Structures are given as C-alpha cells and as structure tokens.
$ cat start_17.txt   # compact mmCIF, C-alpha atoms
# COMPACT_ATOMS: atom_id res chain seq x y z
CA MET N 1 12.75 5.51 3.88
CA ARG N 2 9.37 4.19 2.75
CA ILE N 3 9.52 1.64 -0.08
CA ALA N 4 6.26 0.62 -1.76
CA THR N 5 5.34 -2.10 -4.22
CA TRP N 6 2.18 -2.08 -6.34
CA ASN N 7 0.87 -4.02 -9.30
CA VAL N 8 -1.09 -1.23 -10.97
CA ASN N 9 -2.62 -3.34 -13.78
CA SER N 10 -1.95 -0.80 -16.56
CA VAL N 11 -0.27 2.41 -15.45
CA ASN N 12 -1.82 4.58 -18.15
CA ALA N 13 -5.36 3.29 -17.68
CA ARG N 14 -5.14 4.02 -13.94
CA LEU N 15 -2.83 7.02 -13.93
CA PRO N 16 -5.11 9.43 -12.01
CA THR N 17 -5.66 6.79 -9.32
CA VAL N 18 -1.96 5.93 -9.08
CA LEU N 19 -0.93 9.58 -8.89
CA ALA N 20 -3.55 10.32 -6.25
CA TRP N 21 -2.25 7.48 -4.09
CA VAL N 22 1.38 8.50 -4.59
CA GLU N 23 0.66 12.10 -3.63
CA ALA N 24 -1.24 11.02 -0.52
CA ALA N 25 1.12 8.25 0.63
CA GLY N 26 4.39 9.84 -0.44
CA PRO N 27 6.62 6.77 -0.80
CA ASP N 28 10.32 7.46 -1.23
CA VAL N 29 10.66 4.50 -3.57
CA LEU N 30 7.89 2.86 -5.58
CA CYS N 31 8.17 -0.49 -7.35
CA LEU N 32 5.49 -0.86 -10.02
CA GLN N 33 4.42 -4.00 -11.87
CA GLU N 34 2.19 -4.80 -14.84
CA LEU N 35 2.71 -1.48 -16.58
CA LYS N 36 1.30 -2.82 -19.86
CA CYS N 37 3.23 -0.28 -21.94
CA VAL N 38 6.56 0.16 -23.67
CA ASP N 39 9.11 2.51 -22.12
CA GLU N 40 8.23 5.34 -24.50
CA LYS N 41 4.58 5.25 -23.40
CA PHE N 42 5.29 5.31 -19.68
CA PRO N 43 3.97 8.58 -18.14
CA ARG N 44 7.42 9.63 -17.00
CA GLU N 45 6.71 13.35 -16.77
CA ALA N 46 3.78 12.86 -14.41
CA PHE N 47 6.03 11.13 -11.86
CA GLU N 48 9.03 13.36 -12.45
CA SER N 49 6.84 16.35 -11.64
CA LEU N 50 6.28 14.78 -8.21
CA GLY N 51 10.03 14.55 -7.65
CA TYR N 52 10.77 10.99 -8.73
CA ASN N 53 13.62 9.58 -10.76
CA VAL N 54 12.18 7.00 -13.15
CA GLU N 55 13.59 3.74 -14.51
CA THR N 56 11.38 1.41 -16.56
CA HIS N 57 11.51 -1.94 -18.29
CA GLY N 58 8.39 -2.00 -20.41
CA GLN N 59 6.67 -4.25 -22.90
CA LYS N 60 3.77 -3.65 -25.25
CA THR N 61 0.37 -4.71 -23.85
CA TYR N 62 1.78 -7.11 -21.24
CA ASN N 63 4.03 -7.17 -18.17
CA GLY N 64 6.38 -4.24 -17.53
CA VAL N 65 8.06 -3.09 -14.33
CA ALA N 66 9.40 0.22 -13.02
CA LEU N 67 11.34 1.81 -10.19
CA LEU N 68 10.53 5.35 -9.04
CA SER N 69 12.74 7.02 -6.45
CA ARG N 70 13.10 10.39 -4.79
CA PHE N 71 16.80 9.53 -4.51
CA PRO N 72 19.24 8.89 -7.40
CA LEU N 73 19.25 5.38 -8.86
CA SER N 74 22.41 3.61 -9.97
CA ASP N 75 23.54 0.19 -11.19
CA VAL N 76 20.24 -0.35 -13.00
CA ARG N 77 19.57 -3.87 -14.28
CA ARG N 78 16.74 -4.56 -16.69
CA GLY N 79 15.72 -8.18 -17.05
CA LEU N 80 16.44 -11.24 -14.96
CA PRO N 81 19.69 -13.01 -15.89
CA GLY N 82 19.85 -16.67 -16.76
CA ASP N 83 17.96 -16.84 -20.06
CA PRO N 84 19.02 -14.45 -22.84
CA THR N 85 16.06 -15.57 -24.98
CA ASP N 86 13.47 -14.40 -22.43
CA GLU N 87 11.85 -11.21 -23.77
CA GLN N 88 9.24 -10.75 -21.05
CA ALA N 89 9.72 -7.54 -19.04
CA ARG N 90 9.35 -8.80 -15.48
CA TYR N 91 12.39 -7.60 -13.54
CA ILE N 92 14.18 -4.32 -12.83
CA GLU N 93 16.73 -3.64 -10.11
CA ALA N 94 18.74 -0.63 -8.95
CA VAL N 95 20.63 0.83 -6.02
CA VAL N 96 18.85 3.68 -4.22
CA GLU N 97 21.65 6.12 -3.46
CA THR N 98 21.20 7.54 0.02
CA SER N 99 23.60 7.87 2.96
CA ARG N 100 22.90 4.16 3.49
CA PRO N 101 22.21 2.71 0.04
CA VAL N 102 19.58 0.07 -0.55
CA ARG N 103 19.32 -2.27 -3.53
CA VAL N 104 15.70 -2.68 -4.63
CA ALA N 105 14.12 -4.92 -7.25
CA SER N 106 10.64 -4.70 -8.76
CA ILE N 107 9.41 -8.19 -9.68
CA TYR N 108 6.44 -9.44 -11.67
CA LEU N 109 6.66 -13.20 -11.46
CA PRO N 110 4.79 -15.26 -14.09
CA ASN N 111 1.24 -16.34 -13.27
CA GLY N 112 1.73 -19.89 -14.54
CA ASN N 113 -1.84 -20.83 -15.38
CA PRO N 114 -3.01 -23.22 -16.56
CA VAL N 115 -1.08 -25.81 -14.59
CA GLY N 116 0.36 -28.55 -16.79
CA THR N 117 1.24 -26.21 -19.65
CA GLU N 118 4.42 -24.45 -20.74
CA LYS N 119 3.22 -21.40 -18.78
CA PHE N 120 3.59 -23.28 -15.50
CA THR N 121 6.97 -24.64 -16.59
CA TYR N 122 8.06 -21.08 -17.40
CA LYS N 123 6.92 -19.89 -13.96
CA LEU N 124 9.03 -22.49 -12.16
CA ALA N 125 12.04 -21.88 -14.42
CA TRP N 126 11.75 -18.13 -13.79
CA PHE N 127 11.68 -18.85 -10.06
CA GLU N 128 14.89 -20.86 -10.40
CA ARG N 129 16.57 -17.97 -12.20
CA LEU N 130 15.40 -15.56 -9.50
CA GLN N 131 16.84 -17.82 -6.81
CA ALA N 132 20.19 -18.00 -8.62
CA HIS N 133 20.35 -14.22 -9.04
CA ALA N 134 19.26 -13.59 -5.45
CA ARG N 135 22.01 -15.92 -4.23
CA GLU N 136 24.55 -13.81 -6.12
CA LEU N 137 23.15 -10.56 -4.74
CA LEU N 138 23.28 -11.83 -1.17
CA ARG N 139 27.02 -12.31 -1.51
CA HIS N 140 27.37 -8.51 -1.51
CA GLU N 141 26.01 -8.43 2.06
CA GLU N 142 24.03 -5.25 1.42
CA ALA N 143 20.53 -4.08 2.23
CA LEU N 144 18.39 -5.72 -0.44
CA LEU N 145 14.64 -5.78 -0.97
CA LEU N 146 12.93 -7.99 -3.55
CA CYS N 147 9.52 -6.40 -3.99
CA GLY N 148 6.60 -7.25 -6.17
CA ASP N 149 3.81 -9.45 -7.37
CA TYR N 150 5.13 -12.98 -6.92
CA ASN N 151 1.90 -14.67 -8.04
CA VAL N 152 2.28 -17.08 -5.12
CA ILE N 153 -0.05 -17.69 -2.18
CA PRO N 154 2.52 -18.85 0.39
CA GLU N 155 0.23 -20.45 2.99
CA PRO N 156 -3.44 -21.43 3.38
CA VAL N 157 -3.93 -18.45 5.71
CA ASP N 158 -3.05 -16.19 2.78
CA THR N 159 -6.35 -16.90 1.01
CA HIS N 160 -9.96 -16.65 2.09
CA ASP N 161 -10.60 -20.19 0.78
CA PRO N 162 -7.67 -22.57 0.17
CA VAL N 163 -9.93 -25.15 -1.46
CA ALA N 164 -11.03 -22.64 -4.10
CA TRP N 165 -7.38 -22.14 -5.12
CA LYS N 166 -6.16 -25.74 -4.93
CA ASP N 167 -5.92 -26.16 -8.72
CA ASP N 168 -4.49 -22.71 -9.42
CA ALA N 169 -0.83 -22.18 -10.31
CA LEU N 170 -0.55 -19.59 -7.53
CA PHE N 171 -1.21 -22.22 -4.86
CA GLN N 172 0.48 -25.29 -6.28
CA PRO N 173 2.97 -27.12 -4.01
CA GLU N 174 5.75 -26.41 -6.53
CA SER N 175 5.04 -22.66 -6.54
CA ARG N 176 4.90 -22.47 -2.77
CA ALA N 177 8.06 -24.57 -2.42
CA ALA N 178 9.90 -22.25 -4.82
CA PHE N 179 8.87 -19.23 -2.75
CA ARG N 180 10.06 -20.92 0.45
CA ALA N 181 13.36 -21.88 -1.19
CA LEU N 182 13.91 -18.24 -2.14
CA LYS N 183 13.19 -17.10 1.42
CA TRP N 184 15.47 -19.73 2.87
CA LEU N 185 18.43 -18.29 1.00
CA GLY N 186 18.50 -15.70 3.78
CA PHE N 187 15.48 -13.43 3.33
CA SER N 188 12.72 -12.49 5.72
CA ASP N 189 9.14 -11.75 4.66
CA ALA N 190 8.22 -8.18 5.68
CA HIS N 191 4.64 -9.35 6.28
CA GLU N 192 5.86 -11.80 8.91
CA ALA N 193 8.53 -9.48 10.33
CA GLY N 194 5.96 -6.73 10.75
CA GLY N 195 3.41 -8.98 12.42
CA GLU N 196 0.57 -8.25 10.00
CA ALA N 197 -2.64 -10.04 10.89
CA PRO N 198 -3.73 -13.25 9.14
CA GLY N 199 -6.06 -12.40 6.29
CA THR N 200 -4.07 -9.34 5.22
CA TYR N 201 -4.68 -9.70 1.51
CA THR N 202 -3.19 -7.74 -1.38
CA PHE N 203 -5.36 -8.88 -4.32
CA TRP N 204 -9.09 -9.20 -4.94
CA ASP N 205 -10.44 -10.29 -8.32
CA TYR N 206 -12.76 -7.93 -10.19
CA GLN N 207 -15.31 -10.74 -10.61
CA ALA N 208 -17.94 -12.35 -8.36
CA GLY N 209 -17.97 -9.64 -5.74
CA ALA N 210 -14.54 -10.65 -4.43
CA TRP N 211 -13.74 -7.21 -3.00
CA PRO N 212 -16.95 -6.52 -1.02
CA ARG N 213 -16.89 -10.11 0.25
CA ASN N 214 -13.19 -9.84 1.15
CA HIS N 215 -12.41 -12.92 -0.95
CA GLY N 216 -8.77 -11.99 -1.30
CA ILE N 217 -5.31 -13.50 -1.46
CA ARG N 218 -1.81 -12.33 -0.45
CA ILE N 219 0.49 -12.50 -3.46
CA ASP N 220 2.42 -9.21 -3.26
CA HIS N 221 5.52 -9.69 -1.13
CA VAL N 222 8.62 -7.88 0.09
CA LEU N 223 11.58 -10.11 0.90
CA MET N 224 14.43 -8.49 2.84
CA SER N 225 18.07 -9.47 3.22
CA ALA N 226 19.48 -9.64 6.75
CA GLN N 227 20.98 -6.17 6.34
CA ALA N 228 17.62 -4.73 5.30
CA THR N 229 15.83 -6.60 8.08
CA ASP N 230 18.16 -4.94 10.60
CA ARG N 231 16.82 -1.59 9.37
CA PHE N 232 13.17 -2.70 9.11
CA GLY N 233 10.71 -0.36 10.80
CA GLY N 234 7.31 -1.70 9.80
CA ILE N 235 4.89 -2.61 7.04
CA GLN N 236 1.49 -1.36 5.96
CA THR N 237 -0.82 -2.86 3.36
CA HIS N 238 -2.90 -0.01 1.90
CA ARG N 239 -6.19 -1.83 1.63
CA ASP N 240 -8.09 1.43 1.10
CA ALA N 241 -6.54 1.79 -2.34
CA ARG N 242 -8.93 -0.93 -3.57
CA ASP N 243 -11.80 1.47 -2.88
CA MET N 244 -10.38 4.24 -5.05
CA GLU N 245 -11.95 5.16 -8.37
CA LYS N 246 -10.97 2.74 -11.15
CA PRO N 247 -8.68 0.73 -8.84
CA SER N 248 -6.14 -1.94 -9.60
CA ASP N 249 -7.06 -5.43 -8.42
CA HIS N 250 -3.92 -5.22 -6.22
CA VAL N 251 -3.19 -2.77 -3.42
CA PRO N 252 0.14 -1.16 -2.44
CA VAL N 253 2.34 -2.63 0.25
CA VAL N 254 4.66 -0.15 2.00
CA VAL N 255 7.75 -1.09 4.01
CA GLU N 256 9.74 1.29 6.19
CA ILE N 257 13.53 1.01 6.29
CA ALA N 258 15.77 3.19 8.47
CA ASP N 259 17.86 5.56 6.36
$ encode --input "start_17.txt" --output "structure tokens"
Amino acid sequence: MRIATWNVNSVNARLPTVLAWVEAAGPDVLCLQELKCVDEKFPREAFESLGYNVETHGQKTYNGVALLSRFPLSDVRRGLPGDPTDEQARYIEAVVETSRPVRVASIYLPNGNPVGTEKFTYKLAWFERLQAHARELLRHEEALLLCGDYNVIPEPVDTHDPVAWKDDALFQPESRAAFRALKWLGFSDAHEAGGEAPGTYTFWDYQAGAWPRNHGIRIDHVLMSAQATDRFGGIQTHRDARDMEKPSDHVPVVVEIAD
C-alpha cells in the first residue's frame, strides 16, 4: 500500500496538476492539506472517477484537509479533539479498510508566524492537543500514520540555511521540541526510517528563486506507530512535482506499507 501526503496549496486552483500527479503516481491513499475550499466545493467527482473514496474537512479560503483512498474508509474523525471552540479545519483521520487495516490522519499544523503573537501560542497549543490525541490512538496498538504538513523544520540539516530561519516559527526551539515530544510517544519518522539523504526538502517558497537554487526546507512528515513501522517498505519524496505546471510550493511524500 502506497500512502502519500501533499499540501496542494488550493486543490481547485491546481486541480489539473494534482490529477496528473495522482494518475502517474497512483497512490492507494492520499492525504491532502491546504484545500482552501469548503466541502461542497471540493472536486470530489474528479477523484472518484479515478477510483478514490473521498472524505474532506474543508474551510472557506483557508486550511482544509482530505483523505482519498482506493479502499473503503471507516471511523472518520473530522477535527482534532481537545478544543471544541477551534473552527480551523486542520485534521481528518480514518481507518483504511484492507485485509490489514491502517489508521491514517491528514494533518495541517498551524504555521505560527509571527513568533510572539497569538498565532504562535495557537500553534503550540495545537501541538499539545495532537500529542494528547496521538497518545490515545497509540493505546489501540494498531498501524497508525500521522501524515501532513507539520510546519516544523526538525533539525538544521532540514533547511538549506538554518540562520535564515532562526526567527521563523517553523524553526523555533519550542516548535522543534513539540515535534520531538510527539515522536517520542512511540513514533518513527519515515524520512529517517527510509534513510533519505540530508537535504531532502519538501517545500520551496515561490519567491527569490528558492526552487532553482534549491533553497528548501523539510516540513512535510510521516510519523509511524511501531505497528506501521514493522510494515514499512520505503519512502520517496517526489521532488519532480515542483517542476510541474502551476505547482504547489510543497511536493508529495509517498510511504510504502506492506498490506
């Protein structure tokens, strides 16, 4: 089973590009982030025509996450528990029903900029809620993958220039510590498990020639429970997607799990 995660930066604006990649890469499960549309505006039929079941958690103009699967989806959860007042659409989770089911979440963690504002406070609070929910999920001792745009640069090697990012919310000690705390609950990073080379980035800004200069960062991550890690077969970051027509500023990350 091939499970992909991709921040598409507006699914409708980039639909031809997204569909072209999906048809070429053929993931069994696709976690999408930053849909930038309500559920009713999601191009459901386009993906259903390719054989996918579709579950979305959308929001007008901002955020939005989705799960697409060639297999049935059950036990769908929309929204991260822990704060009933939070209206931002940043989390969706479901069980992929195969002979060996896998629970998959699509995550769009808050950016948090500028540091020192309520946006950074919200980012860290959201991280705490994610940790609490992940702790509960791990108690089920099932194959679990937390996939998505975490808006965290875990280590200096995950950016072309650590100094350039030192004041950014993505690289703050608190953000990085929160990511490590989540991992240390019992997850492994597919990037590390798969032995991807240093400098394997997943995001390049549209500005200042970041893409042709390879001024990138790694902020799209797949965290795997021990049961998923036992079935892990490899990882591939689809860098070429950044060269497609009208690309997202992120590229897909694909993980293989034995079915």
$ closest_residue --input "start_17.txt" --among "N:Ala241, N:Gly186, N:Ser225, N:Thr98" --to "Ala24 (chain N)" --atoms "all atoms listed in the file"
N:Ala241
$ closest_residue --input "start_17.txt" --among "N:Ala226, N:Ala125, N:Leu170, N:Val251" --to "Ala4 (chain N)" --atoms "all atoms listed in the file"
N:Val251
$ axis_aligned_box --input "start_17.txt" --around "region 66-80 of chain N" --padding-each-side "8 Å" --output "JSON"
{"center_x": 16.5, "center_y": -0.4, "center_z": -10.8, "size_x": 30.1, "size_y": 37.6, "size_z": 28.5}
$ residues_near_point --input "start_17.txt" --point "(-4.7, -2.0, -9.4)" --cutoff "8 Å" --atoms "all atoms listed in the file" --output "PyMOL selection string"
chain N and resi 6-10+14+242+247-251
$ write_last_selection --input "start_17.txt" --atoms "C-alpha atoms" --output "mmCIF file, in the frame of the given file"
data_model
loop_
_atom_site.group_PDB
_atom_site.id
_atom_site.type_symbol
_atom_site.label_atom_id
_atom_site.label_comp_id
_atom_site.auth_asym_id
_atom_site.auth_seq_id
_atom_site.Cartn_x
_atom_site.Cartn_y
_atom_site.Cartn_z
ATOM 1 C CA TRP N 6 2.180 -2.080 -6.340
ATOM 2 C CA ASN N 7 0.870 -4.020 -9.300
ATOM 3 C CA VAL N 8 -1.090 -1.230 -10.970
ATOM 4 C CA ASN N 9 -2.620 -3.340 -13.780
ATOM 5 C CA SER N 10 -1.950 -0.800 -16.560
ATOM 6 C CA ARG N 14 -5.140 4.020 -13.940
ATOM 7 C CA ARG N 242 -8.930 -0.930 -3.570
ATOM 8 C CA PRO N 247 -8.680 0.730 -8.840
ATOM 9 C CA SER N 248 -6.140 -1.940 -9.600
ATOM 10 C CA ASP N 249 -7.060 -5.430 -8.420
ATOM 11 C CA HIS N 250 -3.920 -5.220 -6.220
ATOM 12 C CA VAL N 251 -3.190 -2.770 -3.420
#
$ closest_residue --input "start_17.txt" --among "N:His57, N:Arg176, N:His160, N:Lys41" --to "Gly216 (chain N)" --atoms "only C-alpha atoms"
N:His160
$ residues_around --input "start_17.txt" --residues "Ala258 (chain N)" --least-positions-apart "4" --cutoff "10 Å" --atoms "all atoms listed in the file" --output "list in words"
Met1, Arg2, Arg100, Ala228, Thr229, Asp230, Arg231, Phe232, Gly233 and Gly234 of chain N
$ residues_around --input "start_17.txt" --residues "Leu32 (chain N)" --least-positions-apart "4" --cutoff "10 Å" --atoms "only C-alpha atoms" --output "PyMOL selection string"
chain N and resi 4-11+56+64-68+92+105-108+147-149+252
$ residues_near_point --input "start_17.txt" --point "(16.2, -16.3, -1.7)" --cutoff "10 Å" --atoms "all atoms listed in the file" --output "list in words"
Phe127, Glu128, Leu130, Gln131, Ala132, His133, Ala134, Arg135, Glu136, Leu137, Leu138, Leu146, Ala178, Phe179, Arg180, Ala181, Leu182, Lys183, Trp184, Leu185, Gly186, Phe187, Ser188, Leu223, Met224 and Ser225 of chain N
$ atom_distance --input "start_17.txt" --atom1 "CA of Gly79 (chain N)" --atom2 "CA of Ile235 (chain N)"
27.0 Å
$ residues_around --input "start_17.txt" --residues "Thr61 (chain N)" --least-positions-apart "2" --cutoff "8 Å" --atoms "all atoms listed in the file" --output "PyMOL selection string"
chain N and resi 36-38+59+63
$ atom_distance --input "start_17.txt" --atom1 "CA of Trp21 (chain N)" --atom2 "CA of Leu73 (chain N)"
22.1 Å
$ atom_distance --input "start_17.txt" --atom1 "CA of Asp243 (chain N)" --atom2 "CA of Trp204 (chain N)"
11.2 Å
$ closest_residue --input "start_17.txt" --among "N:Asp259, N:Pro212, N:Leu30, N:Asn111" --to "Glu97 (chain N)" --atoms "all atoms listed in the file"
N:Asp259
$ closest_residue --input "start_17.txt" --among "N:Lys166, N:Lys246, N:Arg218, N:Arg213" --to "Val115 (chain N)" --atoms "all atoms listed in the file"
N:Lys166
$ closest_residue --input "start_17.txt" --among "N:Arg78, N:Glu118, N:Thr237, N:Asp167" --to "Gly195 (chain N)" --atoms "all atoms listed in the file"
N:Thr237
